[in-house]
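To keep things clear, I will list the structure first and then write my remarks on it.
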Amino acid sequence: MAAGDHHLRLGSYLGDVSALSFLPSSPRPLLLAGTGSELLVYDVDAARLLASFKVFDGVRVHGIQPRGSPPADGLTVAVFGERRAKLLRLRVDAGDDGGAVGVRLELEQRLPGFDHWVLDAGFLEVDGLLAIGLSDNSVALWDLTERVFVTRVNSPDSYLEIGTLDPEFLLVMHGRVHIGRLKEHEGSIFRISWSSDGSKFMSVSDDRSARMWMLSCQPQNFTNQAANIDNVDIIPKLTLFGHSARIWDCYISDSIVITAGEDCTCCIWDMDGKLIKMFKEHIGRGLWRCLYDPSSLVLITAGFDSAIKVHHLCNSFHDILEEKVVPDGLKYESEVFEISSPIVSGQYGPLDSKSEYVRCLHFVQENVLYVATNSGYLHHADLSDTNDVKWTDVIQVTEKAPIICMDVMTVHPDSLDKKDIVALGDGHGNVTIVRLTSGNIEPKVDLSFIWSAEKDRQLLGIYWCKSLECSHIFTADPRGVLKLWNIRNALYSNAHALTASQEVSLVAVFESPFGARIMCLDVSLQDEILIAGDKKGNIVAFPFHKTLAAHNSSGTQQKIPFCDRFKGAHGISSVTSVHITTSTSDDAQIHTTGGDGCICFFKYGRYVNNVEFVGMRQLKDLGTIQSIYADHVSDTQLVGTYAIGFTSADFVIWDLGNDAKMVQISCGGWRRPYSYYLGTVPEYQNCFAFVKDHSIHVRRHWAPAQDKKLLPQVLHTQFHGREVHSLCFIDPASYSHHEKSTNLWIATGCEDGTVRLTGHSASNAGRWCSSKMLGEHVGGSAVRDTCFITKTYTLIDKSCNSSGSSGNILVENEETTFLLISVGSKQVLTTWILQPRIVENRQVCSGGRDLDSKQSAECSDNGDSAVTFQWLSTHMPPKLTTNRLKAVHVKQNFEEGNSSAQPNLAIMDQMENDWRYLSVTAFLLKHPATKLTVCFAVVACSDATVILRALLLPSRLWFDVALLVPQASPVLVLRHIVDASSACSGDDVGNGDRYIIVSGSTDGTITLWDLTDTIHGFMQLVSETQPHMVIDCQKRPKTGRGSQGGRRRWRSLANNSVKKDSKQTLLPTENDLNASCVAAESSHEISGLEENEVITTTEDTTSSSYSCDVPEVQPMQTFSGVHQSGVNCLHVSEMERACPTTGMSSYCIISGGDDQAVQCFVFTLGSPQQSCSMNKASLNSPANGALTILSQHTVPSAHGSAVKGIWTDGVWAFSTGLDQRIRCWKMDPSGKFMEHSHVIISVPEPETLDVHHDRGRGKYHIAVAGRGMQMVEFSPRKDDSMEAA
């Protein structure tokens, strides 16, 4: 390595965990884990990282094998990876409480490099040897004392109990005696695990099977006795199928078998092959390792997503396994039984309106169920004894009217004075309130009263609200009208039922503007707000003054107008639940669930009285979500969050923290009467009842409270489960308390379509502190590039002629907008906005992992939320209707001799959109006259098109501004230059800001475009036409599940239609931008019939996403042949020194390609007149009109493989490639550079790189990502920096 290598310091690796092992004979469970080139040591009980050690250079740790009981001077551990193996001495210093307080690691022996990969290793204590299994089906034996190889034997003359890739494997006991060949597997064998007594073993393979084998006698009976070998048989006992992909690891004991596979599941089986439990708490490409400790009942899993999860299996679970008394079903202590109401029992055949059948069910605890029937009966069922269910007839409503709706509130649930208050709504519009007290034998009715709330058949819903306790109740009719009733005086009076009903008073009436039935609601007295969700997916906000809930609120009824509404919150699907979370900020947090399988997040501004969408999570495994259950340990801490919902025919409880299905019960769907009840730990305490064939089917799973299991502990930060394609630093200047922050936050985009926000702590030994999911692209489309916008430029109106202004560009210092943009497959462009404020960490579903894949991502920094993003907008190409997607359109174009290929390609794109965005660059420009901020984003697509789009803020309107042509090859990377140097020139014609786009293509070409005139023209057009005043904007992202809340809301701007009243507002034809700015109707003013007519007209006139006459911009300069193949990475930086001859700013472009070369050239921009026409040139030409090249430098073989990431600030440059190196380059003012140092990283197949320059501390933080992510710190010496400057 070159001098100065000590300035580069490797940080921790965040990626797949490829090895696990317990440290034997330690006072407290210690775990060894291998991730990247590091060995981690954890105290499992304390869930604390004790130490981390780098054991290899750029080689991943594939296995860890401790050697027996640790001697006094430490424990020998064999660590291997790829073609390397080492023996290390691990010393643990124990504290007074038996816990480890210090760990030391020393190199004991370094084995010579192998010619094949090491797959497994094991110690042979009798002979003092280390057996090493290699990928060529050979075993090498290393003498631990002499430190030499004894022998190396190839299959089939060796034993490969430690692992092989051969579908057939040999079993040879100690002494190298061949016992037998097993040929049952149909694929490569990945792992063999022996039981503790050696009588049986497990093998797992890529044929998705796990097989158990038995030996006919104990191994100790024939060790070193060749005469007994013929009497030994290997008996295949079990074949286990349950994984949907390859199985990577296994464990076997006398009572259970554990397998872990590529499908991210860990399965626990009994010895008879019955599946007992399945964990699916990892994400991504696979679960590599599983580890189980029978003494502590601890199961540990790890995989591609970097997480190490510890599962504490309960005692009852272990006892049942030991006794081999596994009940039917996947869970222990599950009860499945069937009950029937005494009145309903005996009913058979078809039903009519007068038949007696169950209409409503409601659990209040695990053994108490209320049943309401069609004849007006309310029953109480005691399910304590499933063989003898005790039924109590509570009441029958008047005139035998059918009970339409029921709700139950329990008062003092944890005390002896527990009361159930049941509210019943019948078909005659009457409400009946029944108060029951739990008796010794059966419940006792303390009070009941009835009053008329609606007309016949008009009472469809009745709702308690926890914040109002039992003093008020809501009723709902079919037309979206809510009524609030005060029943406090009636409920707590001692009068008889008739007198009590007279004490009920109507307090307020709330009428929804949508006219749809209200399905759910919630009230926050602190925020004085009522949020209601209706059957058509809308939510409405009403003011709810505290006087409405006062004890004396029995005066004249009030009609409360709504204060805000949100149409299509859940598309056209019903809103199923609403929950308001009160915070100390200016906004109340709201989450809703719906029949579209989504959880939506909103905020309600207390002072502006509006509801704003902030995020959403879509659960693809659930067709409808009924509610969210949050288990609170305290008022501020959540243990776990769960989604309750249905698939087409099954009831499902979904663990949101671990993204795993906990319970699935076949019930026929959500349309039949059902009820559920969850305990403290829903995974082990849940009840579900549903009606089928006139009977009530109950499935109850209730483990003892002392056996409760908390969510699995996560020892290592969870990250992406697939390859990372892009990353960018979040500028610390955007943090809430950046002056106090010691963390750096990085946004990463992944192959699975997720964007995560990951924190790196400089104060915690350079460890990764947390990783939260920020969002997910529509349909899970892969994220290819990300861009964080840190500056907002203000365009000064030239008509103002401010003499004090020195130019047209100013950088906003106050109230700056920070945006994060991600692009990827299916031409998805998603934008998030940074909210630099403190938000309470009490949002529902914040346990472990952010619930919302598009919600605000909150990461704590020194106790505060330093970085908070919320979804802003998503842009996708508009879809054509099926009647327009016909081959005749393509054929017609050819017959007419249309030479333009673009419309044809556009139609084909709409038929099957396989195109993807490859890169994005963006900047913000503020117009001082209109106060509008425009985000200009340039995106490159795989179809070799580059387009300039504009996002108007805060209206969230997208416009196609210009096409950057021509492009012969797809563009892989984009960067931009905002040049203000021309503002200082004396040429009045060219005076102004310059906006330059730089691109690198797959053919090795680097191209520059000047977008100055186009952007100025668009800004002028926006200021004149004010399109945000007449065009509806996108309120929430698409889900892709037919739940878009009417097609009007989801058309892109190019497809927006005109108002039905022919009030058409078109932008002027200046700069040919009018076609992208067709005004759309207001989303709140058009009826359903009118909307359909408008949509039809629009679809008949719009041909494609690029059907409008978007202007084309020609390049200002094209440099061909810069690289022999694709330009994989490129970065632009302004040089610290201006051009010595002209005094203008000079810029540096540095690039890397598949040809392993790094190119750099320094240039100055010419005048705008010179950049009007396209110039083709090479880097060898010093003057090219549009720009002047000052210097150029090339390093032909900068890396040993393709260069994938590069960055520079004009003083230092950093690059990475597939050779797993980060190279630091020292640059001089002329653009020449030489290698200063390099370091080997742990990230396999790196794809991207970004750098943050901490000028205050004089450090560079380099983040590189691919299969995982790693941070590298570079601290240049002062004399190096001064010399380079």
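So you can find residues: chains in the structure tokens are A, B, ... in the order shown, residues in each start at 1, and ligands are numbered from 1 in order.
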
Task: region 684-692 of chain A environment, 8 Å, only C-alpha atoms, sequence neighbours closer than 4 positions dropped, as a ChimeraX atom specification - done: /A:358,361,366,667,672-680,696-703,708-709

Export, as a PDB file, in the first residue's frame, the selected residues with N, CA and C atoms.
```
ATOM      1  N   VAL A 358     -77.660 -16.024  13.963  1.00  0.00           N
ATOM      2  CA  VAL A 358     -76.715 -15.122  14.629  1.00  0.00           C
ATOM      3  C   VAL A 358     -76.373 -13.965  13.697  1.00  0.00           C
ATOM      4  N   LEU A 361     -71.391 -11.004  16.811  1.00  0.00           N
ATOM      5  CA  LEU A 361     -70.575 -11.636  17.844  1.00  0.00           C
ATOM      6  C   LEU A 361     -69.641 -10.586  18.436  1.00  0.00           C
ATOM      7  N   GLU A 366     -61.185 -13.798  26.875  1.00  0.00           N
ATOM      8  CA  GLU A 366     -60.971 -15.065  26.172  1.00  0.00           C
ATOM      9  C   GLU A 366     -62.059 -16.097  26.411  1.00  0.00           C
ATOM     10  N   CYS A 667     -62.026 -19.326   7.554  1.00  0.00           N
ATOM     11  CA  CYS A 667     -63.328 -18.965   8.119  1.00  0.00           C
ATOM     12  C   CYS A 667     -64.354 -18.579   7.056  1.00  0.00           C
ATOM     13  N   ARG A 672     -69.153 -12.688   6.933  1.00  0.00           N
ATOM     14  CA  ARG A 672     -69.987 -13.366   7.919  1.00  0.00           C
ATOM     15  C   ARG A 672     -69.685 -12.819   9.312  1.00  0.00           C
ATOM     16  N   PRO A 673     -70.603 -12.954  10.276  1.00  0.00           N
ATOM     17  CA  PRO A 673     -70.337 -12.450  11.633  1.00  0.00           C
ATOM     18  C   PRO A 673     -69.079 -13.080  12.228  1.00  0.00           C
ATOM     19  N   TYR A 674     -68.266 -12.252  12.881  1.00  0.00           N
ATOM     20  CA  TYR A 674     -67.039 -12.744  13.489  1.00  0.00           C
ATOM     21  C   TYR A 674     -66.668 -11.831  14.646  1.00  0.00           C
ATOM     22  N   SER A 675     -65.738 -12.279  15.474  1.00  0.00           N
ATOM     23  CA  SER A 675     -65.169 -11.465  16.549  1.00  0.00           C
ATOM     24  C   SER A 675     -63.833 -12.064  16.941  1.00  0.00           C
ATOM     25  N   TYR A 676     -62.946 -11.226  17.462  1.00  0.00           N
ATOM     26  CA  TYR A 676     -61.642 -11.702  17.902  1.00  0.00           C
ATOM     27  C   TYR A 676     -61.275 -11.004  19.204  1.00  0.00           C
ATOM     28  N   TYR A 677     -60.340 -11.605  19.920  1.00  0.00           N
ATOM     29  CA  TYR A 677     -59.849 -11.023  21.170  1.00  0.00           C
ATOM     30  C   TYR A 677     -58.379 -11.403  21.297  1.00  0.00           C
ATOM     31  N   LEU A 678     -57.535 -10.409  21.600  1.00  0.00           N
ATOM     32  CA  LEU A 678     -56.101 -10.623  21.726  1.00  0.00           C
ATOM     33  C   LEU A 678     -55.656 -10.322  23.143  1.00  0.00           C
ATOM     34  N   GLY A 679     -54.720 -11.132  23.637  1.00  0.00           N
ATOM     35  CA  GLY A 679     -54.178 -10.936  24.973  1.00  0.00           C
ATOM     36  C   GLY A 679     -52.919 -10.097  24.962  1.00  0.00           C
ATOM     37  N   THR A 680     -52.165 -10.220  26.047  1.00  0.00           N
ATOM     38  CA  THR A 680     -50.954  -9.419  26.190  1.00  0.00           C
ATOM     39  C   THR A 680     -49.944  -9.727  25.102  1.00  0.00           C
ATOM     40  N   ILE A 696     -71.491 -21.469  15.791  1.00  0.00           N
ATOM     41  CA  ILE A 696     -70.398 -20.553  16.084  1.00  0.00           C
ATOM     42  C   ILE A 696     -69.138 -21.388  16.261  1.00  0.00           C
ATOM     43  N   HIS A 697     -68.174 -21.182  15.391  1.00  0.00           N
ATOM     44  CA  HIS A 697     -66.913 -21.910  15.441  1.00  0.00           C
ATOM     45  C   HIS A 697     -65.892 -21.036  16.175  1.00  0.00           C
ATOM     46  N   VAL A 698     -65.269 -21.601  17.195  1.00  0.00           N
ATOM     47  CA  VAL A 698     -64.324 -20.863  18.030  1.00  0.00           C
ATOM     48  C   VAL A 698     -62.960 -21.521  17.926  1.00  0.00           C
ATOM     49  N   ARG A 699     -61.973 -20.709  17.680  1.00  0.00           N
ATOM     50  CA  ARG A 699     -60.580 -21.165  17.695  1.00  0.00           C
ATOM     51  C   ARG A 699     -59.849 -20.330  18.735  1.00  0.00           C
ATOM     52  N   ARG A 700     -59.424 -20.962  19.820  1.00  0.00           N
ATOM     53  CA  ARG A 700     -58.805 -20.239  20.931  1.00  0.00           C
ATOM     54  C   ARG A 700     -57.421 -20.819  21.200  1.00  0.00           C
ATOM     55  N   HIS A 701     -56.479 -19.930  21.307  1.00  0.00           N
ATOM     56  CA  HIS A 701     -55.102 -20.304  21.620  1.00  0.00           C
ATOM     57  C   HIS A 701     -54.651 -19.400  22.756  1.00  0.00           C
ATOM     58  N   TRP A 702     -54.584 -19.945  23.960  1.00  0.00           N
ATOM     59  CA  TRP A 702     -54.337 -19.109  25.134  1.00  0.00           C
ATOM     60  C   TRP A 702     -53.319 -19.774  26.043  1.00  0.00           C
ATOM     61  N   ALA A 703     -52.082 -19.313  25.957  1.00  0.00           N
ATOM     62  CA  ALA A 703     -51.014 -19.834  26.806  1.00  0.00           C
ATOM     63  C   ALA A 703     -51.021 -19.101  28.137  1.00  0.00           C
ATOM     64  N   LYS A 708     -45.466 -15.955  28.513  1.00  0.00           N
ATOM     65  CA  LYS A 708     -45.545 -15.020  27.393  1.00  0.00           C
ATOM     66  C   LYS A 708     -44.166 -14.783  26.793  1.00  0.00           C
ATOM     67  N   LYS A 709     -44.163 -14.593  25.511  1.00  0.00           N
ATOM     68  CA  LYS A 709     -42.933 -14.374  24.766  1.00  0.00           C
ATOM     69  C   LYS A 709     -42.969 -12.986  24.149  1.00  0.00           C
TER      70      LYS A 709
END
```

With only C-alpha atoms counted and 12 Å as the cut-off, give the residues of region 576-686 of chain A in contact with region 467-470 of chain A, each with its shortest interatomic distance in Å and the pair that gives it, as CSV.
```
residue,atom,partner,partner_atom,distance
A:His579,CA,A:Ser467,CA,10.9
A:Ile580,CA,A:Ser467,CA,10.2
A:Thr581,CA,A:Ser467,CA,11.4
A:Thr582,CA,A:Ser467,CA,11.5
```

Those residues you just picked out, can you put them in a file as a PDB file, in the first residue's frame with all heavy atoms?
```
ATOM      1  N   HIS A 579     -57.743   5.665  14.152  1.00  0.00           N
ATOM      2  CA  HIS A 579     -57.127   5.872  15.463  1.00  0.00           C
ATOM      3  C   HIS A 579     -56.354   7.174  15.445  1.00  0.00           C
ATOM      4  O   HIS A 579     -55.578   7.440  14.520  1.00  0.00           O
ATOM      5  CB  HIS A 579     -56.199   4.715  15.818  1.00  0.00           C
ATOM      6  CG  HIS A 579     -55.550   4.870  17.162  1.00  0.00           C
ATOM      7  ND1 HIS A 579     -56.227   4.694  18.342  1.00  0.00           N
ATOM      8  CD2 HIS A 579     -54.285   5.213  17.508  1.00  0.00           C
ATOM      9  CE1 HIS A 579     -55.410   4.896  19.354  1.00  0.00           C
ATOM     10  NE2 HIS A 579     -54.229   5.226  18.872  1.00  0.00           N
ATOM     11  N   ILE A 580     -56.572   8.005  16.475  1.00  0.00           N
ATOM     12  CA  ILE A 580     -55.881   9.292  16.611  1.00  0.00           C
ATOM     13  C   ILE A 580     -54.863   9.173  17.729  1.00  0.00           C
ATOM     14  O   ILE A 580     -55.187   8.740  18.837  1.00  0.00           O
ATOM     15  CB  ILE A 580     -56.871  10.431  16.913  1.00  0.00           C
ATOM     16  CG1 ILE A 580     -57.959  10.503  15.836  1.00  0.00           C
ATOM     17  CG2 ILE A 580     -56.141  11.759  17.016  1.00  0.00           C
ATOM     18  CD1 ILE A 580     -59.043  11.502  16.156  1.00  0.00           C
ATOM     19  N   THR A 581     -53.626   9.551  17.429  1.00  0.00           N
ATOM     20  CA  THR A 581     -52.561   9.574  18.425  1.00  0.00           C
ATOM     21  C   THR A 581     -52.218  11.021  18.730  1.00  0.00           C
ATOM     22  O   THR A 581     -51.781  11.762  17.845  1.00  0.00           O
ATOM     23  CB  THR A 581     -51.313   8.830  17.936  1.00  0.00           C
ATOM     24  OG1 THR A 581     -51.659   7.497  17.597  1.00  0.00           O
ATOM     25  CG2 THR A 581     -50.241   8.811  19.019  1.00  0.00           C
ATOM     26  N   THR A 582     -52.408  11.426  19.947  1.00  0.00           N
ATOM     27  CA  THR A 582     -52.133  12.804  20.344  1.00  0.00           C
ATOM     28  C   THR A 582     -50.642  12.986  20.589  1.00  0.00           C
ATOM     29  O   THR A 582     -49.987  12.138  21.193  1.00  0.00           O
ATOM     30  CB  THR A 582     -52.916  13.171  21.614  1.00  0.00           C
ATOM     31  OG1 THR A 582     -54.307  12.992  21.358  1.00  0.00           O
ATOM     32  CG2 THR A 582     -52.662  14.606  22.016  1.00  0.00           C
TER      33      THR A 582
END
```

- [ ] Find the residues around Leu932 (chain A) up to 12 Å (only C-alpha atoms counted), leave out those fewer than 6 positions away in its own chain, and share them as an MDAnalysis selection string.
- [x] chainID A and resid 792:795 817 924:926 950:957 1019:1020 1022:1023 1026:1029

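One distance worth recording is that between CA of Asp120 (chain A) and CA of Leu87 (chain A), which is 13.8 Å.
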
Task: A:Val1158, A:Leu1165, A:Val422, A:Leu32 ranked by distance to Thr1216 (chain A), top pick (using only C-alpha atoms) - done: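 That would be A:Val1158, the residue with the smallest distance to Thr1216 (chain A).
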
Task: Interatomic distance (Å, one decimal) between CA of Met1144 (chain A) and CA of Val978 (chain A) - done: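 Rounded to one decimal, the two atoms are 13.6 Å apart.
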
Open item on the list: Residues within 8 Å of region 778-786 of chain A, please, as a ChimeraX atom specification. Count only C-alpha atoms; anything in the same chain fewer than 4 positions from it doesn't count.
Closed with: /A:725-728,747-755,820-826,828,917-920,1038-1040

Can I get the residues of region 669-780 of chain A within 9 Å of region 7-15 of chain A, each with the closest pair of atoms and their distance in Å to one decimal, using only C-alpha atoms, sorted chain first then ascending number, as CSV?
```
residue,atom,partner,partner_atom,distance
A:His716,CA,A:Leu14,CA,8.8
A:Thr717,CA,A:Leu14,CA,7.7
A:Gln718,CA,A:Leu14,CA,8.4
A:Phe719,CA,A:Gly15,CA,7.0
A:His720,CA,A:Gly15,CA,8.0
A:Gly721,CA,A:Gly15,CA,8.5
A:Ala765,CA,A:Gly11,CA,8.4
A:Gly766,CA,A:Gly11,CA,5.9
A:Arg767,CA,A:Ser12,CA,5.8
A:Trp768,CA,A:Ser12,CA,7.3
```

Just all heavy atoms for this one: save the residues we selected as a short mmCIF file (atom, residue, chain, number, x, y, z; two decimals), in the first residue's frame.
```
data_model
loop_
_atom_site.label_atom_id
_atom_site.label_comp_id
_atom_site.auth_asym_id
_atom_site.auth_seq_id
_atom_site.Cartn_x
_atom_site.Cartn_y
_atom_site.Cartn_z
N HIS A 716 -28.38 -7.47 15.96
CA HIS A 716 -27.65 -6.78 14.91
C HIS A 716 -28.66 -6.06 14.03
O HIS A 716 -29.73 -6.58 13.74
CB HIS A 716 -26.83 -7.78 14.09
CG HIS A 716 -25.73 -7.15 13.30
ND1 HIS A 716 -25.71 -7.15 11.92
CD2 HIS A 716 -24.60 -6.51 13.67
CE1 HIS A 716 -24.61 -6.54 11.49
NE2 HIS A 716 -23.92 -6.14 12.53
N THR A 717 -28.32 -4.84 13.62
CA THR A 717 -29.25 -4.00 12.88
C THR A 717 -29.75 -4.68 11.61
O THR A 717 -28.95 -5.19 10.83
CB THR A 717 -28.56 -2.67 12.51
OG1 THR A 717 -28.10 -2.03 13.69
CG2 THR A 717 -29.53 -1.75 11.79
N GLN A 718 -31.07 -4.66 11.43
CA GLN A 718 -31.64 -5.21 10.21
C GLN A 718 -31.48 -4.22 9.07
O GLN A 718 -31.70 -3.03 9.21
CB GLN A 718 -33.11 -5.56 10.40
CG GLN A 718 -33.71 -6.33 9.24
CD GLN A 718 -35.08 -6.88 9.55
OE1 GLN A 718 -35.83 -6.31 10.34
NE2 GLN A 718 -35.43 -8.00 8.94
N PHE A 719 -31.14 -4.77 7.90
CA PHE A 719 -30.87 -3.93 6.73
C PHE A 719 -31.65 -4.52 5.55
O PHE A 719 -32.52 -5.37 5.72
CB PHE A 719 -29.36 -3.90 6.47
CG PHE A 719 -28.91 -2.84 5.50
CD1 PHE A 719 -29.30 -1.53 5.65
CD2 PHE A 719 -28.07 -3.17 4.44
CE1 PHE A 719 -28.88 -0.55 4.76
CE2 PHE A 719 -27.64 -2.21 3.55
CZ PHE A 719 -28.04 -0.90 3.71
N HIS A 720 -31.32 -4.05 4.36
CA HIS A 720 -31.95 -4.61 3.16
C HIS A 720 -31.67 -6.10 3.05
O HIS A 720 -30.58 -6.57 3.40
CB HIS A 720 -31.42 -3.92 1.90
CG HIS A 720 -31.81 -2.48 1.78
ND1 HIS A 720 -33.09 -2.08 1.49
CD2 HIS A 720 -31.09 -1.34 1.89
CE1 HIS A 720 -33.14 -0.76 1.43
NE2 HIS A 720 -31.94 -0.29 1.67
N GLY A 721 -32.64 -6.82 2.54
CA GLY A 721 -32.44 -8.25 2.34
C GLY A 721 -31.96 -8.61 0.96
O GLY A 721 -31.80 -9.79 0.64
N ALA A 765 -17.97 3.87 18.37
CA ALA A 765 -16.94 3.07 17.72
C ALA A 765 -17.25 2.84 16.25
O ALA A 765 -16.90 1.81 15.68
CB ALA A 765 -16.78 1.73 18.45
N GLY A 766 -17.92 3.80 15.63
CA GLY A 766 -18.22 3.67 14.22
C GLY A 766 -19.19 2.58 13.88
O GLY A 766 -19.09 1.97 12.81
N ARG A 767 -20.18 2.31 14.76
CA ARG A 767 -21.15 1.25 14.50
C ARG A 767 -22.40 1.83 13.85
O ARG A 767 -22.69 3.03 13.95
CB ARG A 767 -21.56 0.55 15.80
CG ARG A 767 -20.42 0.05 16.65
CD ARG A 767 -19.58 -1.00 15.97
NE ARG A 767 -20.34 -2.14 15.50
CZ ARG A 767 -19.81 -3.21 14.90
NH1 ARG A 767 -18.50 -3.24 14.66
NH2 ARG A 767 -20.56 -4.21 14.51
N TRP A 768 -23.15 0.95 13.19
CA TRP A 768 -24.46 1.33 12.65
C TRP A 768 -25.46 1.33 13.78
O TRP A 768 -25.59 0.35 14.52
CB TRP A 768 -24.87 0.35 11.56
CG TRP A 768 -23.91 0.30 10.42
CD1 TRP A 768 -22.92 -0.62 10.20
CD2 TRP A 768 -23.80 1.25 9.36
NE1 TRP A 768 -22.21 -0.32 9.07
CE2 TRP A 768 -22.73 0.83 8.52
CE3 TRP A 768 -24.49 2.40 9.02
CZ2 TRP A 768 -22.35 1.52 7.38
CZ3 TRP A 768 -24.12 3.08 7.88
CH2 TRP A 768 -23.06 2.65 7.08
#
```

With a distance cut-off of 10 Å and only C-alpha atoms, select the neighbouring residues of Ala550 (chain A), excluding the residue or stretch itself and same-chain residues fewer than 5 positions from it, and output the selection as a PDB file with N, CA and C atoms, in the first residue's frame.
```pdb
ATOM      1  N   LEU A 468     -64.327   9.044  25.135  1.00  0.00           N
ATOM      2  CA  LEU A 468     -65.536   9.564  25.772  1.00  0.00           C
ATOM      3  C   LEU A 468     -66.067   8.632  26.837  1.00  0.00           C
ATOM      4  N   SER A 471     -70.043   7.580  28.631  1.00  0.00           N
ATOM      5  CA  SER A 471     -71.034   8.634  28.854  1.00  0.00           C
ATOM      6  C   SER A 471     -71.716   9.072  27.565  1.00  0.00           C
ATOM      7  N   HIS A 472     -71.071   8.808  26.407  1.00  0.00           N
ATOM      8  CA  HIS A 472     -71.627   9.200  25.114  1.00  0.00           C
ATOM      9  C   HIS A 472     -71.511   8.036  24.152  1.00  0.00           C
ATOM     10  N   ASN A 486     -75.882  11.698  24.603  1.00  0.00           N
ATOM     11  CA  ASN A 486     -75.414  11.736  25.990  1.00  0.00           C
ATOM     12  C   ASN A 486     -76.280  10.782  26.796  1.00  0.00           C
ATOM     13  N   ARG A 488     -75.081   9.547  29.927  1.00  0.00           N
ATOM     14  CA  ARG A 488     -74.472   9.443  31.254  1.00  0.00           C
ATOM     15  C   ARG A 488     -75.534   9.414  32.351  1.00  0.00           C
ATOM     16  N   HIS A 545     -65.623  20.063  20.094  1.00  0.00           N
ATOM     17  CA  HIS A 545     -65.267  20.875  21.254  1.00  0.00           C
ATOM     18  C   HIS A 545     -65.479  20.077  22.537  1.00  0.00           C
TER      19      HIS A 545
END
```

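A straight line drawn from CA of Tyr995 (chain A) to CA of Asp1254 (chain A) is 26.8 Å long.
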
Task: Residues near region 302-316 of chain A, cut-off 8 Å, only C-alpha atoms, skip fewer than 5 positions along chain, as an MDAnalysis selection string - done: chainID A and resid 14:18 20 35 44 264 282:290 297 707:722

- [ ] Within 12 Å of Asp527 (chain A), counting only C-alpha atoms, which residues show up once you throw out same-chain ones fewer than 4 positions away? Write them as a list in words, please.
- [x]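 Everything that qualifies: Ser467, Asp522, Val523, Ile531, Ala541, Phe542, Pro543, Phe544, His545, Lys546, Ile580, Thr581, Thr582, Ser583, Thr584, Ser585, Asp586, Asp587, Ala588, Gln589, Ile590, Lys603, Tyr604, Gly605, Arg606, Tyr607 and Asn609 of chain A.
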
Task: Secondary structure check, strand (DSSP E) residues of region 505-553 of chain A, as a list in words - done: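 So the strand (DSSP E) residues in region 505-553 of chain A would be Ser505, Leu506, Val507, Ala508, Val509, Phe510, Glu511, Ile518, Met519, Cys520, Leu521, Asp522, Val523, Ser524, Ile529, Leu530, Ile531, Ala532, Gly533, Asp534, Ile539, Val540, Ala541, Phe542 and Pro543 of chain A.
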